[in-house]
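S.K.: Once you've had a glance at the structure underneath, I'll fire off some questions.
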Amino acid sequence: MPDEYNFAYLDEQTKRMIRRAILKGVAVPGYQVPFASREMPMPYGWGTGGVQVTAACLVPADVLKVIDQGADDTTNAVSIRKFFQRTAGVAVTEATGEASVIQTRHRIPEQALREDQILVYQVPIPEPLRFLEPRETETRKMHALEEYGLMHVKLYEDIARHGQIATSYAYPVKVEGRYVMDPSPIPKFDNPKLSDCAALQLFGAGREQRIYALPPYTKVVSLDFEDHPFTPSKADHDCDLCGASDSYLDEVITDDQGGRMFVCSDTDFCRCRREAGHVGRLGGEA
Amino acid sequence: MTLQSATGPEFSQKIRAPDQPLLRVSGLTKRYGARIGCADVCFDLFPGEVLGIVGESGSGKSTLLSCLAGHLAPDAGEVIFATAEGPRDTLQMTEPDRRRLSRTDWAFVHQNPRDGLRMGVSAGGNVGERLMAVGARHYGAIRDKATDWLGRVEIAADRIDDRPSAFSGGMQQRLQIARNLVTAPRLVFMDEPTGGLDVSVQARLLDLLRGLVRDLGLSVIIVTHDLAVVRLLADRLMVMKGGRVVEQGLTDQVLDDPQHAYTQLLVSSVLQV
Ligand SMILES: [Zn+2]
């Protein structure tokens, strides 16, 4: 089976084209670089942008981890992981610390990343200004001229309508004091991890044909107002399985009587803590 | 003369004041192939002055306004604006500089409020946008200022979170005016601001504009085909025909004692209405 494909599915010419876009993105942090997105054997919305970036980065020695909403075992994560096992024959892992390339949708791992790791994000809509300015020609000009007042109009509307900045996912950030960037639909709880991260962070949008990047140790600031400062909120609980008080939690309905529990969205993080002996409120039963 | 009470002596004083011109336009020309958009337009605009540009449709007044405001690139001429750093030809500015000017010192009120408003953004957000564009980052202060400006254009404070689509045409136009004036622009361009509105709504908007112009000492270039609008608002008048300025002078003089045959025709046709 693997010999039917070029390594990591894409032909070398295409990978070179994508690598050029990645390098440009690294050189201009937060800037959206257009690239000629290829048809991938999976539908848009399944991370075709992230898959192409991952394919362009992978080498045979890599160890790949794929997560979706923090979990390694969702259909999306499993199918992408299998795709690269089949087409690149690379080793795979669920352990954040063992991975050299991590493709993710909607989360940043809790465990701090290292300089020898690459985090690849799947991005549905790369343009943070799109919400209020649908014209692509105009948004490109706004980026070029640093006309970002509109971004605060969006946050203003949030506060006017909800009494606070209700944007909790895809919360806009400013990169190195220059480009405003959509961090993909990660919870805003993860935003602080974008900044000063040791790993290379790459963002791929397949349908929109854009790649952007945060080189290691890039300064990333979440936009806010002086009287409504950014807060990386999470559910006000500890993990019911591992007791962690500082990880992003999913609420899980446990029975028909309205029983519920809060568990780490990062399943690898939670498992590691439990293996190390940490126990949450319901940890004994689970 | 009813005009005396409308414009008042303070304007004639302003006109005579020995200020440097705010805008100095010379030789402004725009051609569309062989056809003339506007040709060899020259005038000075002094601070606090309202200049009306009148003419029929096709007279070149809208082309002229677009060239002045930087929406259209003229073929020849100068548009020298007294920036904070001294006089500069805005036609020679880089695009970033001109765009910066458009959201700070300049403002533009479109005939159709939909062209000048963000219809998907609340009234408060519309007014606040220019503030945020120039760096305002205190939500409470932005909202206070938006509330104040809604009041100045006679929009109730409790409409601040409504979208313009829920407003009448007259309210939308007043909102557009508030959105433009909130950052105290030094020069305001207006393109038929009362066009497309019912007569009674027009009258109310005109009264409001006259009050704002007087209270704030606005410098305005207003294009209209409606002589009633310039009679009420403009200190000076420029009459255009076929892309050229055929007559200019103090509004009362031009309207009450028109010299050019075309102006005479314009004035008489308005009297027939
Ligand atoms: Zn846990």
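Identifiers for the structure tokens are assigned positionally: chains receive A, B, ... in sequence, residues are indexed from 1 per chain, and ligands are indexed from 1 in the order shown.
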Within 10 Å of region 90-101 of chain A, counting only C-alpha atoms, which residues qualify if same-chain residues fewer than 5 places away don't, as a ChimeraX atom specification?
M.R.: /A:7-8,54,57-67,71-73,81-82,84-85,109-120,199-200,266-269,271-272
S.K.: If we count only C-alpha atoms, which residues of chain A reach to within 7 Å of chain B? Please list them as a PyMOL selection string.
M.R.: chain A and resi 145+147-150+152-153+156-157+160+225-227
S.K.: Which residues, written as a list in words, have at least one atom at most 8 Å from Val220 (chain B), with only C-alpha atoms counted and residues fewer than 4 positions away on the same chain left out?
M.R.: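 Contacts, in chain order: Gly48, Glu49, Val50, Leu51, Leu187, Val188, Phe189 and Met190 of chain B.
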S.K.: Since we have the selection now, will you write its residues out, keeping all heavy atoms, as an mmCIF file, in the first residue's frame?
M.R.:
data_model
loop_
_atom_site.group_PDB
_atom_site.id
_atom_site.type_symbol
_atom_site.label_atom_id
_atom_site.label_comp_id
_atom_site.auth_asym_id
_atom_site.auth_seq_id
_atom_site.Cartn_x
_atom_site.Cartn_y
_atom_site.Cartn_z
ATOM 1 N N GLY B 48 -13.524 76.570 8.912
ATOM 2 C CA GLY B 48 -14.839 77.000 9.362
ATOM 3 C C GLY B 48 -15.768 77.402 8.244
ATOM 4 O O GLY B 48 -16.876 77.878 8.485
ATOM 5 N N GLU B 49 -15.330 77.191 7.027
ATOM 6 C CA GLU B 49 -16.127 77.608 5.886
ATOM 7 C C GLU B 49 -16.912 76.435 5.315
ATOM 8 O O GLU B 49 -16.417 75.307 5.297
ATOM 9 C CB GLU B 49 -15.184 78.162 4.814
ATOM 10 C CG GLU B 49 -15.841 79.118 3.862
ATOM 11 C CD GLU B 49 -14.869 79.632 2.802
ATOM 12 O OE1 GLU B 49 -13.681 79.231 2.809
ATOM 13 O OE2 GLU B 49 -15.318 80.414 1.973
ATOM 14 N N VAL B 50 -18.124 76.710 4.799
ATOM 15 C CA VAL B 50 -18.904 75.684 4.113
ATOM 16 C C VAL B 50 -19.014 76.069 2.647
ATOM 17 O O VAL B 50 -19.544 77.128 2.313
ATOM 18 C CB VAL B 50 -20.312 75.531 4.725
ATOM 19 C CG1 VAL B 50 -21.117 74.492 3.944
ATOM 20 C CG2 VAL B 50 -20.217 75.154 6.195
ATOM 21 N N LEU B 51 -18.471 75.218 1.797
ATOM 22 C CA LEU B 51 -18.523 75.470 0.361
ATOM 23 C C LEU B 51 -19.547 74.540 -0.272
ATOM 24 O O LEU B 51 -19.459 73.316 -0.122
ATOM 25 C CB LEU B 51 -17.144 75.215 -0.268
ATOM 26 C CG LEU B 51 -17.086 75.276 -1.799
ATOM 27 C CD1 LEU B 51 -17.326 76.698 -2.302
ATOM 28 C CD2 LEU B 51 -15.763 74.720 -2.313
ATOM 29 N N LEU B 187 -12.081 68.433 8.108
ATOM 30 C CA LEU B 187 -12.732 68.696 6.821
ATOM 31 C C LEU B 187 -13.738 67.587 6.547
ATOM 32 O O LEU B 187 -13.408 66.404 6.629
ATOM 33 C CB LEU B 187 -11.686 68.753 5.698
ATOM 34 C CG LEU B 187 -12.206 68.923 4.265
ATOM 35 C CD1 LEU B 187 -13.050 70.191 4.124
ATOM 36 C CD2 LEU B 187 -11.053 68.933 3.273
ATOM 37 N N VAL B 188 -14.978 68.005 6.236
ATOM 38 C CA VAL B 188 -16.038 67.031 5.994
ATOM 39 C C VAL B 188 -16.526 67.159 4.555
ATOM 40 O O VAL B 188 -16.886 68.259 4.114
ATOM 41 C CB VAL B 188 -17.230 67.246 6.957
ATOM 42 C CG1 VAL B 188 -18.275 66.145 6.755
ATOM 43 C CG2 VAL B 188 -16.761 67.279 8.409
ATOM 44 N N PHE B 189 -16.508 66.061 3.824
ATOM 45 C CA PHE B 189 -17.096 66.017 2.484
ATOM 46 C C PHE B 189 -18.498 65.441 2.606
ATOM 47 O O PHE B 189 -18.698 64.442 3.297
ATOM 48 C CB PHE B 189 -16.264 65.122 1.560
ATOM 49 C CG PHE B 189 -14.841 65.570 1.383
ATOM 50 C CD1 PHE B 189 -13.816 64.973 2.111
ATOM 51 C CD2 PHE B 189 -14.521 66.579 0.483
ATOM 52 C CE1 PHE B 189 -12.500 65.371 1.944
ATOM 53 C CE2 PHE B 189 -13.202 66.992 0.308
ATOM 54 C CZ PHE B 189 -12.188 66.393 1.040
ATOM 55 N N MET B 190 -19.442 66.100 1.911
ATOM 56 C CA MET B 190 -20.814 65.565 1.924
ATOM 57 C C MET B 190 -21.323 65.476 0.499
ATOM 58 O O MET B 190 -21.265 66.437 -0.253
ATOM 59 C CB MET B 190 -21.742 66.473 2.748
ATOM 60 C CG MET B 190 -21.408 66.550 4.221
ATOM 61 S SD MET B 190 -22.682 67.470 5.110
ATOM 62 C CE MET B 190 -21.944 67.502 6.759
#
S.K.: Which polymer residues have any atom within 10 Å of an atom of region 197-202 of chain B, counting only C-alpha atoms, with same-chain residues fewer than 6 positions away left out, as a compact mmCIF listing (two decimals) with all heavy atoms, in the first residue's frame?
M.R.:
# COMPACT_ATOMS: atom_id res chain seq x y z
N GLN B 111 -24.35 59.91 0.16
CA GLN B 111 -25.78 60.12 -0.05
C GLN B 111 -26.58 58.96 0.53
O GLN B 111 -27.54 59.16 1.25
CB GLN B 111 -26.06 60.25 -1.55
CG GLN B 111 -27.56 60.22 -1.85
CD GLN B 111 -27.89 60.57 -3.29
OE1 GLN B 111 -27.00 60.76 -4.12
NE2 GLN B 111 -29.17 60.67 -3.58
N ASN B 112 -26.15 57.75 0.20
CA ASN B 112 -26.84 56.58 0.70
C ASN B 112 -26.17 56.12 2.00
O ASN B 112 -25.03 55.69 1.98
CB ASN B 112 -26.79 55.47 -0.35
CG ASN B 112 -27.63 54.26 0.05
OD1 ASN B 112 -28.00 54.12 1.22
ND2 ASN B 112 -27.92 53.40 -0.91
N SER B 168 -34.99 54.23 10.50
CA SER B 168 -35.56 54.87 9.30
C SER B 168 -34.43 55.48 8.48
O SER B 168 -33.30 55.63 8.96
CB SER B 168 -36.53 55.96 9.72
OG SER B 168 -35.81 57.02 10.34
N GLY B 169 -34.74 55.87 7.24
CA GLY B 169 -33.73 56.48 6.37
C GLY B 169 -33.12 57.73 6.97
O GLY B 169 -31.90 57.92 6.93
N GLY B 170 -33.97 58.56 7.57
CA GLY B 170 -33.47 59.79 8.18
C GLY B 170 -32.55 59.50 9.36
O GLY B 170 -31.51 60.14 9.53
N MET B 171 -32.93 58.50 10.16
CA MET B 171 -32.09 58.13 11.31
C MET B 171 -30.76 57.56 10.85
O MET B 171 -29.70 57.84 11.43
CB MET B 171 -32.80 57.09 12.18
CG MET B 171 -33.70 57.66 13.24
SD MET B 171 -34.55 56.33 14.09
CE MET B 171 -33.35 55.89 15.32
N GLN B 173 -29.21 58.32 8.19
CA GLN B 173 -28.36 59.41 7.71
C GLN B 173 -27.77 60.18 8.90
O GLN B 173 -26.60 60.55 8.89
CB GLN B 173 -29.16 60.33 6.78
CG GLN B 173 -28.32 61.27 5.94
CD GLN B 173 -27.28 60.54 5.10
OE1 GLN B 173 -26.42 59.83 5.62
NE2 GLN B 173 -27.34 60.71 3.79
N LEU B 208 -30.58 70.08 11.53
CA LEU B 208 -29.56 69.44 12.35
C LEU B 208 -28.16 69.77 11.83
O LEU B 208 -27.28 70.16 12.59
CB LEU B 208 -29.79 67.93 12.35
CG LEU B 208 -28.79 67.13 13.18
CD1 LEU B 208 -29.23 67.10 14.63
CD2 LEU B 208 -28.66 65.70 12.67
N VAL B 229 -30.65 73.49 0.00
CA VAL B 229 -29.65 72.96 0.93
C VAL B 229 -28.48 73.94 1.06
O VAL B 229 -28.05 74.28 2.17
CB VAL B 229 -29.14 71.58 0.45
CG1 VAL B 229 -27.92 71.14 1.24
CG2 VAL B 229 -30.25 70.54 0.54
S.K.: Rank nothing, just name the residue among A:Arg130, A:His237, A:Arg260, A:Arg274 nearest to ligand 1, using only C-alpha atoms and all ligand atoms.
M.R.: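 Of all the options, A:Arg274 lies closest to ligand 1.
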S.K.: Which one is closest to ligand 1: A:Glu146, A:Asp240, A:Asp256, A:Glu275? Count only C-alpha atoms and all ligand atoms.
M.R.: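 Counting only C-alpha atoms and all ligand atoms, the residue closest to ligand 1 is A:Asp240.
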S.K.: Could you write out, as a VMD selection string, all the residues of region 63-218 of chain B that DSSP marks as alpha helix (DSSP H)?
M.R.: chain B and resid 63 to 69 95 to 103 113 to 116 123 to 133 139 to 152 169 to 181 199 to 216
S.K.: Residues of chain A within 9 Å of ligand 1: nearest atom pair and distance (Å, one decimal) for each, counting only C-alpha atoms and all ligand atoms, sorted by chain and number, as a Markdown table?
M.R.:
| residue | atom | partner | partner_atom_place_in_ligand_line | distance |
| --- | --- | --- | --- | --- |
| A:Asp238 | CA | ligand 1 | 1 (Zn) | 7.9 |
| A:Cys239 | CA | ligand 1 | 1 (Zn) | 4.6 |
| A:Asp240 | CA | ligand 1 | 1 (Zn) | 6.7 |
| A:Leu241 | CA | ligand 1 | 1 (Zn) | 5.1 |
| A:Cys242 | CA | ligand 1 | 1 (Zn) | 4.1 |
| A:Gly243 | CA | ligand 1 | 1 (Zn) | 6.0 |
| A:Ala244 | CA | ligand 1 | 1 (Zn) | 5.5 |
| A:Ser245 | CA | ligand 1 | 1 (Zn) | 8.5 |
| A:Ser247 | CA | ligand 1 | 1 (Zn) | 7.3 |
| A:Tyr248 | CA | ligand 1 | 1 (Zn) | 8.8 |
| A:Leu249 | CA | ligand 1 | 1 (Zn) | 7.8 |
| A:Phe262 | CA | ligand 1 | 1 (Zn) | 8.3 |
| A:Val263 | CA | ligand 1 | 1 (Zn) | 5.2 |
| A:Cys264 | CA | ligand 1 | 1 (Zn) | 4.1 |
| A:Ser265 | CA | ligand 1 | 1 (Zn) | 7.6 |
| A:Asp266 | CA | ligand 1 | 1 (Zn) | 7.6 |
| A:Thr267 | CA | ligand 1 | 1 (Zn) | 7.3 |
| A:Asp268 | CA | ligand 1 | 1 (Zn) | 8.8 |
| A:Phe269 | CA | ligand 1 | 1 (Zn) | 6.8 |
| A:Cys270 | CA | ligand 1 | 1 (Zn) | 3.7 |
| A:Arg271 | CA | ligand 1 | 1 (Zn) | 7.0 |
| A:Cys272 | CA | ligand 1 | 1 (Zn) | 8.7 |
| A:Arg273 | CA | ligand 1 | 1 (Zn) | 6.9 |
| A:Arg274 | CA | ligand 1 | 1 (Zn) | 7.5 |
| A:His278 | CA | ligand 1 | 1 (Zn) | 8.8 |
| A:Val279 | CA | ligand 1 | 1 (Zn) | 8.6 |
| A:Gly280 | CA | ligand 1 | 1 (Zn) | 7.5 |
| A:Gly283 | CA | ligand 1 | 1 (Zn) | 9.0 |
S.K.: Include N, CA and C atoms and write out the residues we just selected as a PDB file, in the first residue's frame.
M.R.:
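Output saved as result_33.pdb:
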ATOM      1  N   ASP A 238     -12.242  21.527  39.122  1.00  0.00           N
ATOM      2  CA  ASP A 238     -11.059  20.700  38.928  1.00  0.00           C
ATOM      3  C   ASP A 238     -11.484  19.510  38.077  1.00  0.00           C
ATOM      4  N   CYS A 239     -10.525  18.879  37.430  1.00  0.00           N
ATOM      5  CA  CYS A 239     -10.834  17.675  36.650  1.00  0.00           C
ATOM      6  C   CYS A 239     -11.333  16.584  37.605  1.00  0.00           C
ATOM      7  N   ASP A 240     -12.474  15.980  37.274  1.00  0.00           N
ATOM      8  CA  ASP A 240     -13.035  14.957  38.154  1.00  0.00           C
ATOM      9  C   ASP A 240     -12.246  13.651  38.107  1.00  0.00           C
ATOM     10  N   LEU A 241     -11.405  13.497  37.115  1.00  0.00           N
ATOM     11  CA  LEU A 241     -10.623  12.260  37.011  1.00  0.00           C
ATOM     12  C   LEU A 241      -9.224  12.395  37.614  1.00  0.00           C
ATOM     13  N   CYS A 242      -8.537  13.526  37.266  1.00  0.00           N
ATOM     14  CA  CYS A 242      -7.144  13.633  37.703  1.00  0.00           C
ATOM     15  C   CYS A 242      -6.926  14.778  38.692  1.00  0.00           C
ATOM     16  N   GLY A 243      -7.978  15.553  38.941  1.00  0.00           N
ATOM     17  CA  GLY A 243      -7.872  16.606  39.937  1.00  0.00           C
ATOM     18  C   GLY A 243      -7.165  17.858  39.471  1.00  0.00           C
ATOM     19  N   ALA A 244      -6.759  17.916  38.200  1.00  0.00           N
ATOM     20  CA  ALA A 244      -6.033  19.106  37.716  1.00  0.00           C
ATOM     21  C   ALA A 244      -6.904  20.353  37.840  1.00  0.00           C
ATOM     22  N   SER A 245      -6.319  21.430  38.328  1.00  0.00           N
ATOM     23  CA  SER A 245      -7.073  22.672  38.489  1.00  0.00           C
ATOM     24  C   SER A 245      -6.712  23.678  37.398  1.00  0.00           C
ATOM     25  N   SER A 247      -6.164  22.868  33.929  1.00  0.00           N
ATOM     26  CA  SER A 247      -6.299  22.408  32.542  1.00  0.00           C
ATOM     27  C   SER A 247      -7.694  22.739  32.026  1.00  0.00           C
ATOM     28  N   TYR A 248      -7.815  22.768  30.688  1.00  0.00           N
ATOM     29  CA  TYR A 248      -9.105  23.089  30.076  1.00  0.00           C
ATOM     30  C   TYR A 248     -10.024  21.883  30.166  1.00  0.00           C
ATOM     31  N   LEU A 249     -11.264  22.119  30.612  1.00  0.00           N
ATOM     32  CA  LEU A 249     -12.161  21.007  30.930  1.00  0.00           C
ATOM     33  C   LEU A 249     -13.326  20.892  29.955  1.00  0.00           C
ATOM     34  N   PHE A 262     -16.673  16.960  35.044  1.00  0.00           N
ATOM     35  CA  PHE A 262     -15.731  17.762  34.282  1.00  0.00           C
ATOM     36  C   PHE A 262     -14.431  16.987  34.150  1.00  0.00           C
ATOM     37  N   VAL A 263     -13.978  16.859  32.900  1.00  0.00           N
ATOM     38  CA  VAL A 263     -12.730  16.127  32.681  1.00  0.00           C
ATOM     39  C   VAL A 263     -11.823  16.936  31.761  1.00  0.00           C
ATOM     40  N   CYS A 264     -10.532  16.699  31.887  1.00  0.00           N
ATOM     41  CA  CYS A 264      -9.572  17.375  31.020  1.00  0.00           C
ATOM     42  C   CYS A 264      -9.943  17.125  29.560  1.00  0.00           C
ATOM     43  N   SER A 265      -9.941  18.191  28.759  1.00  0.00           N
ATOM     44  CA  SER A 265     -10.153  17.998  27.326  1.00  0.00           C
ATOM     45  C   SER A 265      -8.917  17.347  26.697  1.00  0.00           C
ATOM     46  N   ASP A 266      -7.748  17.580  27.261  1.00  0.00           N
ATOM     47  CA  ASP A 266      -6.498  16.972  26.789  1.00  0.00           C
ATOM     48  C   ASP A 266      -6.372  15.587  27.421  1.00  0.00           C
ATOM     49  N   THR A 267      -6.783  14.563  26.663  1.00  0.00           N
ATOM     50  CA  THR A 267      -6.870  13.210  27.231  1.00  0.00           C
ATOM     51  C   THR A 267      -5.496  12.660  27.623  1.00  0.00           C
ATOM     52  N   ASP A 268      -4.470  12.997  26.844  1.00  0.00           N
ATOM     53  CA  ASP A 268      -3.121  12.511  27.175  1.00  0.00           C
ATOM     54  C   ASP A 268      -2.638  13.130  28.489  1.00  0.00           C
ATOM     55  N   PHE A 269      -2.906  14.416  28.652  1.00  0.00           N
ATOM     56  CA  PHE A 269      -2.513  15.116  29.870  1.00  0.00           C
ATOM     57  C   PHE A 269      -3.173  14.469  31.084  1.00  0.00           C
ATOM     58  N   CYS A 270      -4.471  14.190  30.969  1.00  0.00           N
ATOM     59  CA  CYS A 270      -5.242  13.609  32.075  1.00  0.00           C
ATOM     60  C   CYS A 270      -4.708  12.206  32.421  1.00  0.00           C
ATOM     61  N   ARG A 271      -4.456  11.420  31.376  1.00  0.00           N
ATOM     62  CA  ARG A 271      -3.969  10.059  31.606  1.00  0.00           C
ATOM     63  C   ARG A 271      -2.606  10.077  32.315  1.00  0.00           C
ATOM     64  N   CYS A 272      -1.732  10.943  31.860  1.00  0.00           N
ATOM     65  CA  CYS A 272      -0.410  11.039  32.479  1.00  0.00           C
ATOM     66  C   CYS A 272      -0.520  11.389  33.961  1.00  0.00           C
ATOM     67  N   ARG A 273      -1.428  12.319  34.265  1.00  0.00           N
ATOM     68  CA  ARG A 273      -1.578  12.711  35.674  1.00  0.00           C
ATOM     69  C   ARG A 273      -2.106  11.542  36.511  1.00  0.00           C
ATOM     70  N   ARG A 274      -3.060  10.810  35.962  1.00  0.00           N
ATOM     71  CA  ARG A 274      -3.619   9.692  36.712  1.00  0.00           C
ATOM     72  C   ARG A 274      -2.567   8.602  36.897  1.00  0.00           C
ATOM     73  N   HIS A 278      -2.274  11.089  40.558  1.00  0.00           N
ATOM     74  CA  HIS A 278      -3.257  12.135  40.894  1.00  0.00           C
ATOM     75  C   HIS A 278      -4.666  11.576  40.741  1.00  0.00           C
ATOM     76  N   VAL A 279      -5.538  11.916  41.675  1.00  0.00           N
ATOM     77  CA  VAL A 279      -6.907  11.416  41.635  1.00  0.00           C
ATOM     78  C   VAL A 279      -7.883  12.567  41.838  1.00  0.00           C
ATOM     79  N   GLY A 280      -8.902  12.627  40.968  1.00  0.00           N
ATOM     80  CA  GLY A 280      -9.924  13.656  41.099  1.00  0.00           C
ATOM     81  C   GLY A 280     -11.113  13.159  41.886  1.00  0.00           C
ATOM     82  N   GLY A 283     -12.300  10.096  40.384  1.00  0.00           N
ATOM     83  CA  GLY A 283     -11.195   9.360  39.775  1.00  0.00           C
ATOM     84  C   GLY A 283     -11.195   7.875  40.094  1.00  0.00           C
TER      85      GLY A 283
END
S.K.: Can you check which residues of region 39-224 of chain B DSSP gives as strand (DSSP E) on the backbone and send them as an MDAnalysis selection string?
M.R.: chainID B and resid 39:45 50:54 76:83 86:89 106:109 187:191 220:224
S.K.: At a cut-off of 7 Å, using only C-alpha atoms, what residues contact region 74-81 of chain B? Leave out same-chain residues fewer than 3 positions from it and give the result as a ChimeraX atom specification.
M.R.: /B:22-31,67-68,87-91
S.K.: What's around Phe230 (chain A) at 9 Å? Count only C-alpha atoms, leave out sequence neighbours fewer than 5 positions away in its own chain, and write the answer as a PyMOL selection string.
M.R.: chain A and resi 165+188+222-225
S.K.: Could those selected residues go to a file with all heavy atoms, as a PDB file, in the first residue's frame?
M.R.:
ATOM      1  N   ILE A 165     -16.760  40.379  26.818  1.00  0.00           N
ATOM      2  CA  ILE A 165     -16.277  39.821  25.557  1.00  0.00           C
ATOM      3  C   ILE A 165     -16.648  38.349  25.527  1.00  0.00           C
ATOM      4  O   ILE A 165     -16.073  37.534  26.232  1.00  0.00           O
ATOM      5  CB  ILE A 165     -14.753  40.016  25.408  1.00  0.00           C
ATOM      6  CG1 ILE A 165     -14.439  41.523  25.393  1.00  0.00           C
ATOM      7  CG2 ILE A 165     -14.261  39.357  24.124  1.00  0.00           C
ATOM      8  CD1 ILE A 165     -12.952  41.848  25.331  1.00  0.00           C
ATOM      9  N   LYS A 188     -10.221  30.362  24.157  1.00  0.00           N
ATOM     10  CA  LYS A 188      -9.327  31.471  24.511  1.00  0.00           C
ATOM     11  C   LYS A 188      -8.444  31.114  25.709  1.00  0.00           C
ATOM     12  O   LYS A 188      -7.415  31.739  25.934  1.00  0.00           O
ATOM     13  CB  LYS A 188     -10.128  32.747  24.767  1.00  0.00           C
ATOM     14  CG  LYS A 188     -11.064  32.704  25.956  1.00  0.00           C
ATOM     15  CD  LYS A 188     -11.732  34.069  26.125  1.00  0.00           C
ATOM     16  CE  LYS A 188     -12.720  34.055  27.264  1.00  0.00           C
ATOM     17  NZ  LYS A 188     -13.322  35.391  27.480  1.00  0.00           N
ATOM     18  N   SER A 222      -3.459  38.815  23.136  1.00  0.00           N
ATOM     19  CA  SER A 222      -4.891  38.763  22.857  1.00  0.00           C
ATOM     20  C   SER A 222      -5.462  40.175  22.936  1.00  0.00           C
ATOM     21  O   SER A 222      -5.181  40.920  23.868  1.00  0.00           O
ATOM     22  CB  SER A 222      -5.589  37.865  23.883  1.00  0.00           C
ATOM     23  OG  SER A 222      -5.020  36.564  23.844  1.00  0.00           O
ATOM     24  N   LEU A 223      -6.289  40.538  21.945  1.00  0.00           N
ATOM     25  CA  LEU A 223      -6.838  41.894  21.901  1.00  0.00           C
ATOM     26  C   LEU A 223      -7.859  42.083  23.021  1.00  0.00           C
ATOM     27  O   LEU A 223      -8.571  41.144  23.384  1.00  0.00           O
ATOM     28  CB  LEU A 223      -7.511  42.145  20.553  1.00  0.00           C
ATOM     29  CG  LEU A 223      -6.637  41.978  19.315  1.00  0.00           C
ATOM     30  CD1 LEU A 223      -7.450  42.295  18.054  1.00  0.00           C
ATOM     31  CD2 LEU A 223      -5.430  42.910  19.384  1.00  0.00           C
ATOM     32  N   ASP A 224      -7.951  43.281  23.547  1.00  0.00           N
ATOM     33  CA  ASP A 224      -8.952  43.541  24.580  1.00  0.00           C
ATOM     34  C   ASP A 224      -9.147  45.044  24.766  1.00  0.00           C
ATOM     35  O   ASP A 224      -8.581  45.842  24.023  1.00  0.00           O
ATOM     36  CB  ASP A 224      -8.550  42.874  25.910  1.00  0.00           C
ATOM     37  CG  ASP A 224      -7.231  43.407  26.474  1.00  0.00           C
ATOM     38  OD1 ASP A 224      -6.631  44.316  25.868  1.00  0.00           O
ATOM     39  OD2 ASP A 224      -6.797  42.901  27.531  1.00  0.00           O
ATOM     40  N   PHE A 225      -9.955  45.425  25.745  1.00  0.00           N
ATOM     41  CA  PHE A 225     -10.119  46.823  26.133  1.00  0.00           C
ATOM     42  C   PHE A 225      -9.505  47.023  27.509  1.00  0.00           C
ATOM     43  O   PHE A 225      -9.433  46.090  28.312  1.00  0.00           O
ATOM     44  CB  PHE A 225     -11.603  47.193  26.182  1.00  0.00           C
ATOM     45  CG  PHE A 225     -12.242  47.350  24.828  1.00  0.00           C
ATOM     46  CD1 PHE A 225     -13.047  46.355  24.310  1.00  0.00           C
ATOM     47  CD2 PHE A 225     -12.034  48.495  24.066  1.00  0.00           C
ATOM     48  CE1 PHE A 225     -13.634  46.488  23.058  1.00  0.00           C
ATOM     49  CE2 PHE A 225     -12.618  48.639  22.821  1.00  0.00           C
ATOM     50  CZ  PHE A 225     -13.416  47.633  22.317  1.00  0.00           C
TER      51      PHE A 225
END
S.K.: Show me, as number ranges by chain, the residues that have an atom within 10 Å of His143 (chain A) when counting only C-alpha atoms, minus same-chain residues fewer than 2 positions from it.
M.R.: A: 31-32, 127, 129, 138-141, 145-148, 178-181
S.K.: Rank nothing, just name the residue among B:Gly242, B:Gly86, B:Gly211, B:Pro258 nearest to Arg35 (chain B), using only C-alpha atoms.
M.R.: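 Going through B:Gly242, B:Gly86, B:Gly211, B:Pro258 one by one, the smallest distance to Arg35 (chain B) is for B:Gly242.
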S.K.: Just give me the gap between CA of Glu12 (chain A) and CA of Pro215 (chain A) in Å, one decimal is fine.
M.R.: 23.7 Å
